[in-house]
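Structure data follow from coords-v6.txt (compact mmCIF, C-alpha atoms):
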```txt
# COMPACT_ATOMS: atom_id res chain seq x y z
CA MET A 493 -28.88 53.06 -5.28
CA LEU A 494 -31.75 50.80 -6.23
CA LYS A 495 -33.76 52.05 -3.28
CA PHE A 496 -33.33 55.63 -4.41
CA GLY A 497 -34.30 54.66 -7.91
CA VAL A 498 -37.53 53.08 -6.73
CA LEU A 499 -38.27 56.06 -4.54
CA LEU A 500 -37.71 58.35 -7.43
CA ALA A 501 -39.91 56.34 -9.73
CA LEU A 502 -42.73 56.84 -7.26
CA VAL A 503 -42.12 60.49 -6.73
CA ALA A 504 -41.05 61.61 -10.17
CA PRO A 505 -44.37 61.60 -12.05
CA CYS A 506 -45.97 64.35 -9.99
CA PHE A 507 -42.76 66.35 -9.64
CA CYS A 508 -41.65 66.21 -13.21
CA LYS A 509 -44.81 66.53 -15.26
CA HIS A 510 -44.12 69.99 -16.52
CA LEU A 511 -40.42 70.12 -16.27
CA GLU A 512 -38.32 70.47 -19.33
CA PRO A 513 -37.22 67.08 -20.72
CA ALA A 514 -33.67 67.61 -19.48
CA PHE A 515 -34.94 67.16 -15.94
CA VAL A 516 -37.07 64.24 -16.88
CA SER A 517 -34.16 62.74 -18.75
CA GLY A 518 -32.36 62.59 -15.42
CA VAL A 519 -35.00 60.15 -14.24
CA PRO A 520 -34.28 57.10 -16.38
CA SER A 521 -30.58 57.55 -15.74
CA VAL A 522 -31.22 57.24 -12.03
CA ARG A 523 -33.42 54.25 -12.54
CA GLY A 524 -30.60 52.78 -14.51
CA GLY A 525 -28.32 53.45 -11.62
CA ARG A 526 -25.89 55.75 -13.38
CA PRO A 527 -23.32 56.86 -10.81
CA GLY A 528 -23.78 60.31 -9.42
CA SER A 529 -27.37 60.87 -10.46
CA SER A 530 -29.07 59.31 -7.49
CA ARG A 531 -28.07 61.89 -4.92
CA LEU A 532 -29.57 64.65 -6.98
CA LEU A 533 -33.09 63.36 -6.70
CA ALA A 534 -32.79 61.38 -3.51
CA THR A 535 -32.14 64.59 -1.61
CA ALA A 536 -35.33 66.08 -2.98
CA THR A 537 -37.26 63.86 -0.63
CA SER A 538 -35.18 64.94 2.37
CA VAL A 539 -36.81 68.39 2.48
CA LYS A 540 -39.38 68.41 5.26
CA PRO A 541 -42.95 69.25 4.24
CA SER A 542 -42.92 71.97 6.92
CA VAL A 543 -40.41 73.90 4.79
CA TYR A 544 -42.99 74.33 2.05
CA GLU A 545 -45.60 75.37 4.59
CA GLU A 546 -43.17 77.88 6.08
CA PHE A 547 -42.43 79.26 2.61
CA GLY A 548 -46.14 79.47 1.80
CA VAL A 549 -45.90 77.45 -1.40
CA THR A 550 -48.02 74.37 -0.71
CA ASP A 551 -50.63 75.71 -3.15
CA VAL A 552 -48.21 75.64 -6.09
CA LEU A 553 -46.30 72.42 -5.38
CA ASN A 554 -48.97 70.35 -7.04
CA ALA A 555 -50.66 73.12 -9.00
CA LYS A 556 -51.89 72.59 -12.52
CA PRO A 557 -51.11 72.94 -15.29
CA PHE A 558 -47.73 74.24 -14.06
CA SER A 559 -46.17 73.50 -10.70
CA LEU A 560 -43.33 74.56 -8.46
CA PRO A 561 -40.88 71.65 -8.22
CA PRO A 562 -39.75 70.71 -4.71
CA LEU A 563 -36.29 71.89 -3.70
CA PRO A 564 -33.54 69.36 -4.36
CA TRP A 565 -31.97 70.08 -0.93
CA ASP A 566 -32.74 71.48 2.48
CA PRO A 567 -32.72 75.28 2.21
CA MET A 568 -30.70 75.54 5.44
CA SER A 569 -27.85 73.63 3.90
CA LEU A 570 -26.37 75.66 1.07
CA GLY A 571 -23.80 77.50 3.13
CA GLY A 572 -23.03 80.75 1.34
CA ILE A 573 -26.61 81.21 0.19
CA SER A 574 -28.90 81.65 3.20
CA LYS A 575 -32.23 80.08 4.02
CA GLU A 576 -33.71 83.59 3.93
CA THR A 577 -32.56 84.02 0.33
CA ILE A 578 -34.13 80.67 -0.59
CA ALA A 579 -37.32 81.63 1.26
CA TYR A 580 -37.67 84.69 -0.96
CA HIS A 581 -36.06 83.45 -4.14
CA TYR A 582 -37.87 80.11 -4.27
CA GLY A 583 -40.80 80.83 -1.97
CA LYS A 584 -41.71 84.24 -3.43
CA HIS A 585 -40.09 84.92 -6.81
CA HIS A 586 -40.14 81.41 -8.28
CA ALA A 587 -43.56 80.56 -6.79
CA THR A 588 -45.01 83.83 -8.11
CA TYR A 589 -43.91 83.03 -11.66
CA VAL A 590 -45.77 79.70 -11.35
CA ARG A 591 -48.91 81.37 -9.99
CA LYS A 592 -48.80 84.00 -12.73
CA LEU A 593 -48.35 81.47 -15.52
CA ASN A 594 -51.21 79.37 -14.15
CA GLY A 595 -53.30 82.56 -14.06
CA ILE A 596 -52.46 83.16 -17.73
CA ALA A 597 -53.18 79.50 -18.57
CA LYS A 598 -56.67 79.89 -17.09
CA GLU A 599 -57.43 82.54 -19.70
CA LYS A 600 -55.54 80.82 -22.49
CA PRO A 601 -56.31 77.10 -22.82
CA GLU A 602 -53.70 76.77 -25.55
CA ILE A 603 -51.00 77.64 -22.99
CA ALA A 604 -52.45 75.17 -20.46
CA ALA A 605 -52.14 72.40 -23.04
CA MET A 606 -48.42 73.02 -23.69
CA SER A 607 -45.36 71.71 -21.90
CA LEU A 608 -43.32 74.31 -20.06
CA GLU A 609 -40.52 73.99 -22.58
CA ASP A 610 -42.90 74.59 -25.47
CA VAL A 611 -44.25 77.72 -23.80
CA VAL A 612 -40.65 78.94 -23.40
CA LYS A 613 -39.92 78.22 -27.05
CA LYS A 614 -43.09 79.54 -28.61
CA SER A 615 -44.46 82.43 -26.57
CA ASP A 616 -43.64 86.10 -26.06
CA GLY A 617 -44.20 88.91 -23.60
CA ALA A 618 -45.53 88.11 -20.15
CA VAL A 619 -46.27 84.47 -21.05
CA PHE A 620 -42.65 83.95 -22.07
CA ASN A 621 -41.30 85.89 -19.10
CA ASN A 622 -43.17 83.81 -16.54
CA ALA A 623 -42.60 80.46 -18.28
CA ALA A 624 -38.91 81.08 -18.86
CA GLN A 625 -38.40 82.29 -15.31
CA ILE A 626 -39.97 79.05 -14.06
CA TRP A 627 -37.73 76.99 -16.35
CA ASN A 628 -34.63 78.97 -15.47
CA HIS A 629 -35.20 78.73 -11.72
CA ASN A 630 -35.99 74.99 -11.93
CA PHE A 631 -32.65 74.56 -13.65
CA TYR A 632 -30.78 76.88 -11.29
CA TRP A 633 -31.79 75.03 -8.10
CA ASN A 634 -30.51 71.81 -9.61
CA CYS A 635 -27.16 73.42 -10.40
CA LEU A 636 -26.61 73.88 -6.65
CA LYS A 637 -26.17 71.45 -3.79
CA PRO A 638 -24.86 71.44 -0.22
CA ASN A 639 -21.12 70.82 -0.07
CA GLY A 640 -20.91 71.01 -3.84
CA GLY A 641 -18.39 73.02 -5.79
CA GLY A 642 -14.73 72.26 -6.02
CA THR A 643 -13.05 71.04 -9.16
CA PRO A 644 -15.40 69.31 -11.56
CA THR A 645 -15.17 65.58 -12.12
CA GLY A 646 -16.46 63.35 -14.88
CA PRO A 647 -17.03 64.29 -18.54
CA ILE A 648 -17.68 67.98 -17.74
CA ALA A 649 -14.09 68.33 -16.49
CA GLN A 650 -12.72 67.28 -19.86
CA LYS A 651 -15.25 69.37 -21.80
CA ILE A 652 -14.30 72.43 -19.77
CA ASN A 653 -10.61 71.85 -20.39
CA GLU A 654 -11.25 71.44 -24.13
CA ALA A 655 -13.25 74.65 -24.40
CA PHE A 656 -11.46 76.93 -21.93
CA GLY A 657 -8.00 75.43 -21.44
CA SER A 658 -8.42 74.76 -17.73
CA PHE A 659 -11.01 74.87 -14.98
CA GLU A 660 -9.35 77.98 -13.56
CA ALA A 661 -9.61 79.76 -16.91
CA PHE A 662 -13.26 78.72 -17.20
CA LYS A 663 -14.02 79.88 -13.67
CA GLU A 664 -12.41 83.23 -14.40
CA GLN A 665 -14.33 83.74 -17.65
CA PHE A 666 -17.66 82.57 -16.27
CA SER A 667 -17.23 84.73 -13.14
CA ALA A 668 -16.33 87.78 -15.22
CA ARG A 669 -19.42 87.33 -17.41
CA ALA A 670 -21.62 86.89 -14.34
CA ALA A 671 -20.11 89.91 -12.57
CA GLY A 672 -20.31 92.06 -15.70
CA HIS A 673 -23.86 91.30 -16.81
CA PHE A 674 -25.71 94.62 -16.78
CA GLY A 675 -29.23 94.49 -15.37
CA SER A 676 -31.26 91.40 -14.60
CA GLY A 677 -30.38 88.10 -16.21
CA TRP A 678 -28.69 84.74 -16.27
CA VAL A 679 -25.27 83.52 -17.34
CA TRP A 680 -25.26 80.07 -18.87
CA LEU A 681 -22.78 77.37 -19.67
CA VAL A 682 -24.20 75.81 -22.82
CA GLN A 683 -23.26 72.99 -25.14
CA GLY A 684 -23.55 73.83 -28.83
CA ALA A 685 -24.57 71.49 -31.63
CA ASP A 686 -20.85 70.85 -32.20
CA GLY A 687 -20.62 69.51 -28.65
CA LYS A 688 -18.42 72.37 -27.52
CA LEU A 689 -19.10 74.32 -24.34
CA ASN A 690 -19.64 78.05 -24.43
CA ILE A 691 -20.66 80.84 -22.02
CA VAL A 692 -23.68 82.94 -22.96
CA ASP A 693 -25.44 85.86 -21.27
CA GLY A 694 -29.22 85.86 -21.13
CA HIS A 695 -31.02 89.09 -20.32
CA ASP A 696 -34.04 89.18 -18.00
CA ALA A 697 -35.82 85.85 -18.57
CA ALA A 698 -33.88 84.83 -21.68
CA ASN A 699 -33.25 81.13 -22.15
CA PRO A 700 -30.87 79.35 -24.58
CA VAL A 701 -33.55 76.76 -25.40
CA ARG A 702 -35.46 79.63 -26.98
CA ASP A 703 -32.55 81.61 -28.35
CA GLY A 704 -30.85 79.18 -30.67
CA GLY A 705 -31.09 75.70 -29.37
CA ASP A 706 -27.83 75.49 -27.45
CA LYS A 707 -28.23 73.00 -24.62
CA PRO A 708 -28.07 74.54 -21.14
CA VAL A 709 -25.58 72.74 -18.92
CA MET A 710 -25.27 75.13 -15.97
CA VAL A 711 -26.68 78.52 -14.98
CA ILE A 712 -26.13 81.29 -12.47
CA ASP A 713 -28.94 83.72 -11.71
CA VAL A 714 -27.63 87.29 -11.61
CA TRP A 715 -30.91 89.04 -10.87
CA GLU A 716 -30.24 91.13 -7.78
CA HIS A 717 -32.84 89.13 -5.82
CA ALA A 718 -30.51 86.10 -6.10
CA TYR A 719 -27.87 87.73 -3.90
CA TYR A 720 -28.94 91.01 -2.33
CA ILE A 721 -30.01 89.52 1.03
CA ASP A 722 -26.69 87.73 1.54
CA PHE A 723 -24.19 89.86 -0.34
CA ARG A 724 -25.85 93.24 -1.01
CA ASN A 725 -24.22 94.76 -4.11
CA ALA A 726 -21.16 92.47 -3.91
CA ARG A 727 -22.10 90.18 -6.79
CA PRO A 728 -18.55 88.72 -7.05
CA ASN A 729 -18.91 87.27 -3.52
CA TYR A 730 -22.17 85.63 -4.56
CA ILE A 731 -20.46 84.18 -7.62
CA ASN A 732 -17.82 82.66 -5.33
CA ALA A 733 -20.59 81.18 -3.16
CA PHE A 734 -22.18 79.75 -6.31
CA PHE A 735 -18.91 78.09 -7.30
CA ASP A 736 -18.69 76.59 -3.80
CA SER A 737 -22.11 74.95 -4.25
CA ILE A 738 -22.12 73.78 -7.88
CA ASN A 739 -23.70 70.37 -8.33
CA TRP A 740 -21.27 68.88 -10.86
CA ASP A 741 -23.29 65.65 -10.92
CA PHE A 742 -26.25 67.58 -12.29
CA VAL A 743 -24.05 69.50 -14.74
CA ASN A 744 -22.62 66.19 -15.98
CA SER A 745 -26.13 64.79 -16.38
CA GLN A 746 -27.03 67.66 -18.71
CA LEU A 747 -24.22 67.00 -21.22
CA ALA A 748 -25.42 65.59 -24.50
CA MET B 669 -12.99 117.51 -14.88
CA ALA B 670 -14.14 114.02 -14.17
CA PHE B 671 -17.79 113.24 -13.52
CA GLN B 672 -18.67 113.47 -9.85
CA LEU B 673 -21.11 111.81 -7.51
CA PRO B 674 -23.46 114.63 -6.51
CA ALA B 675 -24.12 115.30 -2.84
CA LEU B 676 -27.44 113.88 -1.66
CA PRO B 677 -30.14 116.55 -1.28
CA TRP B 678 -30.98 115.25 2.22
CA ALA B 679 -29.37 113.36 5.13
CA LYS B 680 -28.84 109.62 4.54
CA ASN B 681 -31.37 108.80 7.24
CA GLY B 682 -33.75 111.53 6.05
CA LEU B 683 -36.03 109.20 4.07
CA ALA B 684 -36.54 106.73 6.91
CA PRO B 685 -38.74 104.92 7.73
CA HIS B 686 -39.86 104.77 4.10
CA ILE B 687 -36.38 104.17 2.70
CA SER B 688 -33.70 103.23 5.21
CA GLU B 689 -30.23 104.66 5.70
CA GLU B 690 -28.85 101.21 4.86
CA THR B 691 -30.57 101.29 1.47
CA ILE B 692 -29.13 104.75 0.79
CA ASN B 693 -25.67 103.57 1.87
CA TYR B 694 -25.76 100.85 -0.76
CA HIS B 695 -27.85 102.51 -3.41
CA TYR B 696 -26.01 105.84 -3.38
CA GLY B 697 -22.71 104.86 -1.75
CA LYS B 698 -22.16 101.68 -3.80
CA HIS B 699 -24.37 101.47 -6.89
CA HIS B 700 -24.47 105.15 -7.90
CA ALA B 701 -20.85 105.73 -6.89
CA THR B 702 -19.73 102.71 -8.95
CA TYR B 703 -21.51 103.98 -12.07
CA VAL B 704 -19.64 107.28 -11.69
CA THR B 705 -16.31 105.50 -11.18
CA LYS B 706 -16.89 103.26 -14.19
CA LEU B 707 -18.02 106.19 -16.32
CA ASN B 708 -14.84 108.07 -15.48
CA GLY B 709 -12.79 105.01 -16.36
CA LEU B 710 -14.51 104.76 -19.75
CA VAL B 711 -14.16 108.45 -20.72
CA GLU B 712 -10.68 109.07 -19.34
CA GLY B 713 -8.36 110.38 -22.03
CA THR B 714 -11.15 110.59 -24.64
CA GLU B 715 -13.24 113.42 -26.09
CA ASN B 716 -16.15 112.14 -24.01
CA ALA B 717 -14.45 113.32 -20.81
CA LYS B 718 -15.25 116.91 -21.82
CA LYS B 719 -18.86 116.28 -22.73
CA ASP B 720 -21.94 117.12 -20.76
CA LEU B 721 -23.51 114.09 -18.99
CA ALA B 722 -26.84 114.59 -20.80
CA ASP B 723 -24.96 114.61 -24.14
CA LEU B 724 -23.43 111.23 -23.30
CA VAL B 725 -26.84 109.88 -22.34
CA LYS B 726 -28.27 111.07 -25.66
CA THR B 727 -25.47 109.92 -27.92
CA THR B 728 -23.62 106.89 -26.58
CA ASP B 729 -24.22 103.14 -26.46
CA GLY B 730 -23.18 100.01 -24.60
CA GLY B 731 -21.23 100.28 -21.38
CA LEU B 732 -20.67 104.01 -21.78
CA PHE B 733 -24.41 104.67 -22.13
CA ASN B 734 -25.27 102.33 -19.26
CA ASN B 735 -22.95 104.06 -16.82
CA ALA B 736 -23.71 107.60 -18.01
CA ALA B 737 -27.46 107.02 -17.94
CA GLN B 738 -27.40 105.27 -14.57
CA HIS B 739 -25.45 108.27 -13.21
CA TRP B 740 -28.04 110.66 -14.68
CA ASN B 741 -31.02 108.56 -13.59
CA HIS B 742 -29.85 108.16 -10.01
CA SER B 743 -29.03 111.87 -9.69
CA PHE B 744 -32.58 112.61 -10.88
CA TYR B 745 -34.06 109.96 -8.58
CA TRP B 746 -32.52 111.41 -5.41
CA ASN B 747 -34.07 114.74 -6.30
CA SER B 748 -37.44 113.10 -6.94
CA LEU B 749 -37.50 112.19 -3.24
CA SER B 750 -37.66 114.43 -0.18
CA PRO B 751 -38.07 113.90 3.58
CA SER B 752 -40.80 116.56 3.40
CA GLY B 753 -42.33 115.12 0.23
CA GLY B 754 -45.39 112.99 -0.40
CA GLY B 755 -49.03 113.85 -0.13
CA GLU B 756 -51.09 115.55 -2.79
CA PRO B 757 -49.37 117.46 -5.59
CA LYS B 758 -49.58 121.22 -5.61
CA GLY B 759 -49.14 124.05 -8.09
CA ALA B 760 -48.82 123.58 -11.84
CA ILE B 761 -48.07 119.85 -11.60
CA LYS B 762 -51.37 119.28 -9.79
CA ALA B 763 -53.30 121.01 -12.55
CA ALA B 764 -51.40 119.20 -15.29
CA ILE B 765 -51.92 115.78 -13.63
CA GLU B 766 -55.65 116.41 -13.21
CA GLN B 767 -55.94 117.56 -16.80
CA ASP B 768 -54.01 114.68 -18.36
CA PHE B 769 -54.94 111.78 -16.07
CA GLY B 770 -58.39 112.86 -14.85
CA SER B 771 -57.45 112.92 -11.17
CA PHE B 772 -54.43 112.55 -8.90
CA GLN B 773 -55.77 109.18 -7.68
CA LYS B 774 -56.05 107.90 -11.23
CA PHE B 775 -52.49 109.00 -11.98
CA LYS B 776 -51.26 107.44 -8.75
CA ASP B 777 -52.95 104.11 -9.53
CA ASP B 778 -51.62 104.09 -13.08
CA PHE B 779 -48.06 105.03 -12.08
CA SER B 780 -48.08 102.43 -9.27
CA ALA B 781 -49.26 99.69 -11.63
CA ASN B 782 -46.47 100.59 -14.08
CA ALA B 783 -43.90 100.52 -11.28
CA ALA B 784 -45.14 97.22 -9.83
CA GLY B 785 -45.46 95.59 -13.22
CA HIS B 786 -42.15 96.48 -14.84
CA PHE B 787 -40.40 93.20 -15.61
CA GLY B 788 -36.69 93.19 -14.82
CA SER B 789 -34.57 96.20 -13.98
CA GLY B 790 -35.67 99.69 -14.93
CA TRP B 791 -37.28 103.01 -14.18
CA VAL B 792 -40.77 104.46 -14.25
CA TRP B 793 -41.01 108.13 -15.17
CA LEU B 794 -43.49 110.95 -15.25
CA VAL B 795 -42.60 112.91 -18.39
CA LYS B 796 -43.99 115.85 -20.29
CA GLY B 797 -44.34 114.42 -23.76
CA THR B 798 -43.53 116.20 -27.01
CA ASP B 799 -47.27 116.86 -27.41
CA GLY B 800 -47.23 118.81 -24.13
CA LYS B 801 -49.17 116.16 -22.21
CA LEU B 802 -47.96 114.38 -19.09
CA LYS B 803 -47.31 110.68 -19.54
CA ILE B 804 -46.13 107.68 -17.56
CA HIS B 805 -43.14 106.13 -19.26
CA GLN B 806 -41.23 102.92 -18.46
CA THR B 807 -37.59 102.50 -19.40
CA HIS B 808 -35.63 99.29 -19.15
CA ASP B 809 -32.27 98.87 -17.41
CA ALA B 810 -30.53 102.24 -17.81
CA GLY B 811 -33.09 103.62 -20.28
CA ASN B 812 -33.70 107.35 -20.13
CA PRO B 813 -36.43 109.57 -21.66
CA LEU B 814 -33.83 112.08 -22.92
CA ARG B 815 -32.40 109.31 -25.05
CA ASP B 816 -35.57 107.64 -26.26
CA GLY B 817 -37.41 110.89 -27.00
CA ALA B 818 -40.35 110.23 -24.66
CA GLY B 819 -40.23 113.77 -23.35
CA VAL B 820 -38.93 115.88 -20.50
CA PRO B 821 -38.50 113.91 -17.25
CA LEU B 822 -40.44 115.33 -14.30
CA LEU B 823 -40.12 112.53 -11.70
CA THR B 824 -38.71 109.00 -11.55
CA CYS B 825 -39.08 105.83 -9.50
CA ASP B 826 -36.20 103.34 -9.61
CA VAL B 827 -37.52 99.78 -9.84
CA TRP B 828 -34.20 97.96 -9.92
CA GLU B 829 -34.33 95.40 -7.12
CA HIS B 830 -31.41 97.11 -5.36
CA ALA B 831 -33.70 100.12 -4.78
CA TYR B 832 -35.97 98.18 -2.43
CA TYR B 833 -34.67 94.72 -1.58
CA VAL B 834 -32.97 95.79 1.69
CA ASP B 835 -36.18 97.36 3.02
CA TYR B 836 -38.98 95.46 1.29
CA ARG B 837 -37.46 92.26 -0.15
CA ASN B 838 -39.60 91.16 -3.12
CA ASP B 839 -42.52 93.39 -2.07
CA ARG B 840 -42.17 96.07 -4.73
CA PRO B 841 -45.71 97.45 -4.22
CA SER B 842 -44.81 98.42 -0.62
CA TYR B 843 -41.72 100.22 -1.90
CA VAL B 844 -43.87 102.07 -4.43
CA LYS B 845 -46.19 103.12 -1.57
CA ALA B 846 -43.13 104.39 0.28
CA TRP B 847 -42.10 106.33 -2.83
CA TRP B 848 -45.46 108.15 -2.76
CA ASN B 849 -44.72 109.23 0.82
CA LEU B 850 -41.50 110.88 -0.35
CA VAL B 851 -42.27 112.23 -3.82
CA ASN B 852 -40.84 115.72 -4.23
CA TRP B 853 -43.56 117.81 -5.87
CA ASP B 854 -41.40 120.96 -5.75
CA PHE B 855 -38.82 119.19 -7.92
CA ALA B 856 -41.58 118.09 -10.32
CA ASN B 857 -42.90 121.65 -10.49
CA ASN B 858 -39.41 123.02 -11.21
CA ASN B 859 -38.93 120.51 -14.01
CA LEU B 860 -42.36 121.29 -15.42
CA ALA B 861 -41.63 125.03 -15.39
CA LYS B 862 -38.50 124.43 -17.48
CA ALA B 863 -40.10 121.89 -19.83
```
Do you think you could lay out the structure here as structure tokens?
Amino acid sequence: MLKFGVLLALVAPCFCKHLEPAFVSGVPSVRGGRPGSSRLLATATSVKPSVYEEFGVTDVLNAKPFSLPPLPWDPMSLGGISKETIAYHYGKHHATYVRKLNGIAKEKPEIAAMSLEDVVKKSDGAVFNNAAQIWNHNFYWNCLKPNGGGTPTGPIAQKINEAFGSFEAFKEQFSARAAGHFGSGWVWLVQGADGKLNIVDGHDAANPVRDGGDKPVMVIDVWEHAYYIDFRNARPNYINAFFDSINWDFVNSQLA
Amino acid sequence: MAFQLPALPWAKNGLAPHISEETINYHYGKHHATYVTKLNGLVEGTENAKKDLADLVKTTDGGLFNNAAQHWNHSFYWNSLSPSGGGEPKGAIKAAIEQDFGSFQKFKDDFSANAAGHFGSGWVWLVKGTDGKLKIHQTHDAGNPLRDGAGVPLLTCDVWEHAYYVDYRNDRPSYVKAWWNLVNWDFANNNLAKA
């Protein structure tokens, strides 16, 4: 545990500079050795550099002012979601949002000076779209992990029971919202100011941080590019694959 | 009578290699068919079951609009494509494009940039506006020019990811190039004549 914490402390500054504070907030908790958190970031270092070369993203991994965070797991390892999907979803879509936002930041120094979260909160149009899509994808990758899924453990289990009655009821409601979202978007599990969990739909690049301050706890991407390679139009099968790969440790770490 | 999935105006493999049979199997056989099924489920036993599809597109909202408009849009899209399409426009549409955009190349560049740049799911249309001029018009999700008053639709390009992800993955510009190899100028001319 300590070893991972030290490793993380070395790696984190360059990886986390422009991530939303929620990600950064995971860092001290690992340093402090909170159970469950270490695996999340320790696995980030297990992705071979050749993966980023293969995906053609080495230019954006350490780009400034905004960068593409490394994957928290080997892209071969997710099971239901293929390496090809990750190659396009992370290597093309996510990386392109970073390149586009950096292109915008070149023309607009005020954007370059802001944190990613501030850009999400304060901008509109193409600036918002690219910034929010970076934020959303950063968050989405962390919600997944190899051999994840199953019944949640820890505080999230209790929070889910309080808000939805049972995990099964939550899974049913969340899946129905994800399957039913019309057009491109994201379906979020958020924690409101009252501490209670809720499911919200976000259209296109929408992000709860912008929309009303609810705290994102978990997200599923329902843009067609998230599932069309592996599941074609069968979004419900993708939702099942998502549930089989949820990183409950990360979800727990996002609770207020 | 319930709304029906129209027959395709060409064989499922007729658009290959520009758009594959597999894409048509999903896009027409799954996506379009599902919109029709859902639309029928929503109108069954209501006054809306007797209405014209275009009326529903013009007057409804929410799930009913989404399914009605996606049914309309896809029906129009299939007709905007043809195995013998592509190339330079001819007839009245050629003259109108040259008059309103300066040249076919300029129109093509402008339309392609709109199609490549549309953020999220949607459609890019060539319409005859209420002022009589041809215009490029983007609609989001199920948006439709009949509903938003942009004018009379002449052609459309579907830029939902399901339209091109099987054949081109994230490379939407290559799909848009393929669209130009299939564009049905006869259909555009027929629509222009009625506009």
Test item: which residues lie within 12 Å of (-28.8, 109.9, -9.6) counting all atoms listed in the file, as number ranges by chain
B: 672-677, 692, 695-697, 699-704, 721, 735-749, 791, 810, 812, 823-826, 831
Selection export as a CSV table (one decimal), in the coordinates of the input, atoms kept: C-alpha atoms:
```
chain,number,residue,atom,x,y,z
B,672,GLN,CA,-18.7,113.5,-9.8
B,673,LEU,CA,-21.1,111.8,-7.5
B,674,PRO,CA,-23.5,114.6,-6.5
B,675,ALA,CA,-24.1,115.3,-2.8
B,676,LEU,CA,-27.4,113.9,-1.7
B,677,PRO,CA,-30.1,116.6,-1.3
B,692,ILE,CA,-29.1,104.8,0.8
B,695,HIS,CA,-27.8,102.5,-3.4
B,696,TYR,CA,-26.0,105.8,-3.4
B,697,GLY,CA,-22.7,104.9,-1.8
B,699,HIS,CA,-24.4,101.5,-6.9
B,700,HIS,CA,-24.5,105.2,-7.9
B,701,ALA,CA,-20.8,105.7,-6.9
B,702,THR,CA,-19.7,102.7,-9.0
B,703,TYR,CA,-21.5,104.0,-12.1
B,704,VAL,CA,-19.6,107.3,-11.7
B,721,LEU,CA,-23.5,114.1,-19.0
B,735,ASN,CA,-23.0,104.1,-16.8
B,736,ALA,CA,-23.7,107.6,-18.0
B,737,ALA,CA,-27.5,107.0,-17.9
B,738,GLN,CA,-27.4,105.3,-14.6
B,739,HIS,CA,-25.4,108.3,-13.2
B,740,TRP,CA,-28.0,110.7,-14.7
B,741,ASN,CA,-31.0,108.6,-13.6
B,742,HIS,CA,-29.8,108.2,-10.0
B,743,SER,CA,-29.0,111.9,-9.7
B,744,PHE,CA,-32.6,112.6,-10.9
B,745,TYR,CA,-34.1,110.0,-8.6
B,746,TRP,CA,-32.5,111.4,-5.4
B,747,ASN,CA,-34.1,114.7,-6.3
B,748,SER,CA,-37.4,113.1,-6.9
B,749,LEU,CA,-37.5,112.2,-3.2
B,791,TRP,CA,-37.3,103.0,-14.2
B,810,ALA,CA,-30.5,102.2,-17.8
B,812,ASN,CA,-33.7,107.4,-20.1
B,823,LEU,CA,-40.1,112.5,-11.7
B,824,THR,CA,-38.7,109.0,-11.6
B,825,CYS,CA,-39.1,105.8,-9.5
B,826,ASP,CA,-36.2,103.3,-9.6
B,831,ALA,CA,-33.7,100.1,-4.8
```
I'd like the contact shell of Asp854 (chain B) - 9 Å cut-off, only C-alpha atoms, skipping same-chain residues fewer than 4 positions apart - returned as a ChimeraX atom specification.
/B:748,753,757-759,761,858-859
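Our summary of the geometry notes that CA of Phe723 (chain A) is positioned 24.4 Å from CA of Gly548 (chain A).
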What's the separation between CA of Ala587 (chain A) and CA of Ala671 (chain A), in Å to one decimal place?
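Going from CA of Ala587 (chain A) over to CA of Ala671 (chain A), I get 25.9 Å.
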As an exercise, work out the distance from CA of Asn744 (chain A) to CA of Leu593 (chain A) in Å and give it to one decimal place.
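Calculated distance between CA of Asn744 (chain A) and CA of Leu593 (chain A) is 29.9 Å.
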I need the residue nearest Trp853 (chain B) from this list: B:Leu802, B:Ala781, B:Ala818, B:Ala760. Use only C-alpha atoms for the distance.
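Among the listed residues, the smallest separation from Trp853 (chain B) belongs to B:Ala760.
Look at Asp768 (chain B): the protein and nucleic acid residues within 8 Å of it, using all atoms listed in the file and passing over chain neighbours fewer than 3 places away, are Ala764, Ile765, Lys801, Leu802 and Lys803 of chain B.
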Residues as selected, C-alpha atoms, written as a PDB file, in the frame of the given file, can you do that?
```pdb
ATOM      1  CA  ALA B 764     -51.400 119.200 -15.290  1.00  0.00           C
ATOM      2  CA  ILE B 765     -51.920 115.780 -13.630  1.00  0.00           C
ATOM      3  CA  LYS B 801     -49.170 116.160 -22.210  1.00  0.00           C
ATOM      4  CA  LEU B 802     -47.960 114.380 -19.090  1.00  0.00           C
ATOM      5  CA  LYS B 803     -47.310 110.680 -19.540  1.00  0.00           C
TER       6      LYS B 803
END
```
What would the list of residues within 12 Å of (-14.7, 68.2, -13.4) (file frame) look like as a list in words, if all atoms listed in the file are what count?
Gly640, Gly641, Gly642, Thr643, Pro644, Thr645, Gly646, Pro647, Ile648, Ala649, Gln650, Lys651, Ile652, Asn653, Glu654, Ser658, Phe659, Glu660, Phe662, Lys663, Ile738, Asn739, Trp740, Asp741, Phe742, Val743 and Asn744 of chain A
Which residue gives the smallest distance to Ala624 (chain A) among A:Ala718, A:Val701, A:Ala661, A:Val679, with only C-alpha atoms counted?
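Among the listed residues, the smallest separation from Ala624 (chain A) belongs to A:Val701.
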Distance criterion (all atoms listed in the file): nearest to Glu602 (chain A) out of A:Ala668, A:Val709, A:Val619, A:Leu553:
A:Val619
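You can rank B:Val844, B:Gln767, B:Phe772, B:Val711 by their closest distance to Val792 (chain B) using all atoms listed in the file, and at the top of that list sits B:Val844.
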Would you please work out which residue, of B:Ala670, B:Asp778, B:Gly770, B:Lys862, is nearest to Thr714 (chain B) when using all atoms listed in the file?
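Among the listed residues, B:Ala670 lies closest to Thr714 (chain B).
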